[in-house]
Amino acid sequence: MKYGYFDDKAREYVITTPKTPLPWINYLGNEDFFSLVSNTCGGYSFYKDAKLLRLTRYRYNNVPFDNNGKYYYINDGHGIWNPGWQPVKTPLDFYECRHGVGYSRFTGKKRGLKAEVLAFVPLGDNCEINRVTITNESEDKRSFKLFSYVEWCLWNADDDMKNFQRLLSCGEVEVKGSAIYHKTEYRERRDHYAFFSVNEKIDGFDTVRDDFLGAYNNNDEPDSVVLQRSNNTLASGWSPIASHQICITLEPGESKSLIFILGYIENPRENKWESYGVINKKPAEELQEKYSTDEAVDKAFSALGDYWDSLLSRYHVESADEKVNRMVNVWNQYQCMVTFNMSRSASYYESGIGRGMGFRDSCQDLLGFVHLIPDRARERILDIAATQFEDGRAYHQYQPLTKKGNSDIGSGFNDDPLWLIACTSAYVRETGDVSILKESVPFDNDDSKAAPLMDHLKRSFDFTATHKGPHGLPLIGRADWNDCLNLNCFSEHPGESFQTFGPSEGPVAESVFIAGMFVKYGEEYAQLAELLGDESEAKRARDEVKKVYEAAITAGWDGEWFVRAYDAHSNKVGSKECEEGQIYIEPQGFCVLAGIGVKEGLAEKALKSVEERLDTKYGVMILQPAYTKYHLELGEVSSYPPGYKENAGIFCHNNPWVSIAETVLGHGDRAFEIYKKTCPAYIEEISDVHCTEPYVYSQMVAGRDAKFFGQGKNSWLTGTAAWTFVNISQYILGVYPTHNGLSINPCVPADFGDFSLTRKYRGAVYNITVKQNGSQSGVKKLIVNGKEISGNVIPYEENVKEYTVEVEM
Ligand code: BGC
Ligand code: NOJ
């Protein structure tokens, strides 16, 4: 069952009923100011950091789900309703939500009135614009009242939910004209405030939440709206809000638009005040003025559209499969941008107060983002590298506002350092900008300890090379990519964090997955060394890689598939010897994509085993058989009920690894089959089973052992976005950036058909057409600007700005 449809031309997903199985959300904002917005106008806004600078309050774990947002209420004299249905939930005569790239539009109709809300964050300004347009579609003249509503968060969203003894005394506001200012703590150490304004004379306002709602009322029946009168009271303490009241009269056919702005302002300390106790509103008023007309809003909105046109034009495919086209050309790239911006901090499943930016997560997000805005990728790589320790280890997370590592989680996840090589290599292959490797970057954010980025990569590489266990495989530390495989943890008491408990640095537990990473990114490191002319370092790296390769195909091989790990007692994990958890997906996917066991025939076997043991109709499960009891020696992986999360769920993130691995062996049919199983556009039809948004990936789909097999969880912020984009764009469609130029090597299903592709790369445009000839892989002929070339790589030439590329498979 579907709850909407793709409007490909408009690049929108159109939701046609508010009663989606879960809130289906969108993200507004591109740089510093962000909002989450659900299909019923729920959500919240923040500046840079969802924990430290939260602008509007959200209620977690509430019923109904998705409580609090930016709401517009209409009292038309016969009842009250919202254009986005929530929170009043009056049945609408028409409802539609269109989520587009960086904006959302809502339309609600009731009793002859049509209310539209267009919500977006304009480029370059720290505000969200909500244009509310009301049209009288009836035959009669209509008079009605509109009320806006946002509830302020007292900045630190974590404190806001806990520290009531302090914060309920701190709230402060000002009102001037049609703008309501939230200035809690501005009197003391904060130099920033927020405002909510409208470009129209108002007929009343509320800033005291309990005056607006009325005692014991929920936000579905606010007194002010029901009784059609605002209180015009100024908040002092408790819970400040911002609500405007506007009385409107419309002739039949007449429309009126109102521009609401939620803005964030930082003032220089010496310029904080306009007069004693009165905030300096000048920058806020400038912003309000800037967006005070429909023309200005239209212009900003179309600039946002142009911005996305230009980003998405960097990789564009036209194939016979409309679902591939819509995912590749719009939604997958869009999700890559969102994960780049948010890491794993703020979604409807990540609270925004828990994790900041993950080290490994952000490095992997870059793999799917780097072609979009290479400059921002560059900056991000340097920020991430600056949190690394001198011995190559990495903070597992850092906070976007401070850019400093989080000491509460610390370090010890032994895959982390290698991901820094992965993203740097992707950046240099994309841009050819070798200068990044020479940038001086601090360790642990301490400028007195700084070294060129290449030196950071060397320490990443050496960290793995010098932290190996009894089988010559890399030590796992607290965990590797699988955060839940905690082989040095041994937690026996509820509530202990699997991620931080235990000695962490066990000298025995090893990871075959990190071995796969080391082989892949060790080679990429060697190539970077070569680019810098350091042949001996490249050779040293390849020698180290060889040793780990050997260990992976001996101690890391189980007969039919790769072992997952060795535990702290040197027992195998993910082996036929195990009672539960005999085979894991990660080493099969990653070792094979790294090329391990290909020439020995092991790769073929490993992928066969995956197909036989892990495959389902909804995707490839992370392991089998699921753990049915808690294993002290394994940790969190065995804490989940069978079929969920890391315990035999379909973890979407590593499905593309297996799909890429299949392309390494030239299996286009199978690679694409795996691609399709988790791909949102292909499972749109079963949205009632899948539940999460049909336009983005979720972290996990419940596995075969789960009660709700096929149900998605934790949508949006997942490394799946980047990895699937890498898979479809670089391996299946086969346009892969190398240091010397674009390589073209598609691996598609036999019936895929011809396709064409535009790729912008290092300032040039590549117009590529592929004649597929029913072939799954292999390029027979490659003609570049009329000349046939040998091999797969189109040599990059600085002064050629346009390439016509004809490919015959
Ligand atoms: C989840 C993992 C996640 C980790 C982060 C675990 O509970 O299952 O998916 O990576 O928490 O801290
Ligand atoms: C989600 C985490 O964000 C990511 O870092 C981790 O690799 C996966 N879960 C698997 O545990």
# chains A, B, ... in the order shown; residues from 1 in each chain; ligands from 1
$ select_by_dssp --residues "segment 242-372 of chain A" --states "strand (DSSP E or B)" --output "number ranges by chain"
A: 242-250, 255-266, 273-275, 278-279, 315-318, 346, 351, 357-358
$ write_last_selection --atoms "C-alpha atoms" --output "mmCIF file, in the first residue's frame"
data_model
loop_
_atom_site.group_PDB
_atom_site.id
_atom_site.type_symbol
_atom_site.label_atom_id
_atom_site.label_comp_id
_atom_site.auth_asym_id
_atom_site.auth_seq_id
_atom_site.Cartn_x
_atom_site.Cartn_y
_atom_site.Cartn_z
ATOM 1 C CA ALA A 242 5.443 32.739 20.167
ATOM 2 C CA SER A 243 1.968 33.028 18.730
ATOM 3 C CA HIS A 244 0.484 35.693 16.472
ATOM 4 C CA GLN A 245 -3.182 36.351 15.916
ATOM 5 C CA ILE A 246 -4.267 37.777 12.573
ATOM 6 C CA CYS A 247 -7.848 38.562 11.541
ATOM 7 C CA ILE A 248 -8.445 38.051 7.842
ATOM 8 C CA THR A 249 -11.355 38.787 5.530
ATOM 9 C CA LEU A 250 -11.334 37.426 1.980
ATOM 10 C CA SER A 255 -5.925 35.064 -1.622
ATOM 11 C CA LYS A 256 -3.698 36.443 1.055
ATOM 12 C CA SER A 257 -0.180 35.458 1.867
ATOM 13 C CA LEU A 258 1.635 35.950 5.145
ATOM 14 C CA ILE A 259 5.357 35.520 5.576
ATOM 15 C CA PHE A 260 6.415 34.118 8.911
ATOM 16 C CA ILE A 261 10.094 33.999 9.787
ATOM 17 C CA LEU A 262 11.756 32.013 12.504
ATOM 18 C CA GLY A 263 15.224 33.511 12.820
ATOM 19 C CA TYR A 264 18.385 33.139 14.833
ATOM 20 C CA ILE A 265 20.644 36.114 15.573
ATOM 21 C CA GLU A 266 24.073 36.380 17.142
ATOM 22 C CA TRP A 273 21.837 45.940 23.672
ATOM 23 C CA GLU A 274 19.789 48.632 22.108
ATOM 24 C CA SER A 275 19.159 50.232 25.507
ATOM 25 C CA VAL A 278 16.467 45.794 25.490
ATOM 26 C CA ILE A 279 18.095 43.529 22.937
ATOM 27 C CA TYR A 315 25.679 13.086 -11.484
ATOM 28 C CA HIS A 316 22.628 12.424 -13.607
ATOM 29 C CA VAL A 317 21.542 9.213 -15.269
ATOM 30 C CA GLU A 318 18.858 8.459 -17.828
ATOM 31 C CA ALA A 346 19.116 14.804 14.701
ATOM 32 C CA SER A 351 17.247 12.713 19.422
ATOM 33 C CA MET A 357 29.128 13.701 14.732
ATOM 34 C CA GLY A 358 30.470 10.172 14.489
#
$ residues_near_ligand --ligand "ligand 2" --cutoff "7 Å" --atoms "only C-alpha atoms and all ligand atoms" --output "list of chain:residue names"
A:Arg344, A:Gly358, A:Arg360, A:Asp361, A:Trp481, A:Asn482, A:Asp483, A:Cys484, A:Glu646, A:Thr718
$ residues_near_ligand --ligand "ligand 1" --cutoff "12 Å" --atoms "only C-alpha atoms and all ligand atoms" --output "PyMOL selection string"
chain A and resi 343-345+349-350+354-361+396-397+408-410+413+478-486+495-500+622+635-641+644-653+698-700+713-714+717-719
$ closest_residue --among "A:Arg613, A:Arg57, A:His739, A:Lys677" --to "Gly352 of chain A" --atoms "only C-alpha atoms"
A:Arg57
$ closest_residue --among "A:Asn62, A:Val37, A:Arg190, A:His467" --to "Asn130 of chain A" --atoms "only C-alpha atoms"
A:Val37
$ residues_around --residues "Thr724 of chain A" --least-positions-apart "2" --cutoff "12 Å" --atoms "only C-alpha atoms" --output "PyMOL selection string"
chain A and resi 324+327-328+331-333+335-336+364-365+367-369+652-660+671-672+674-680+696-699+718-722+726-733
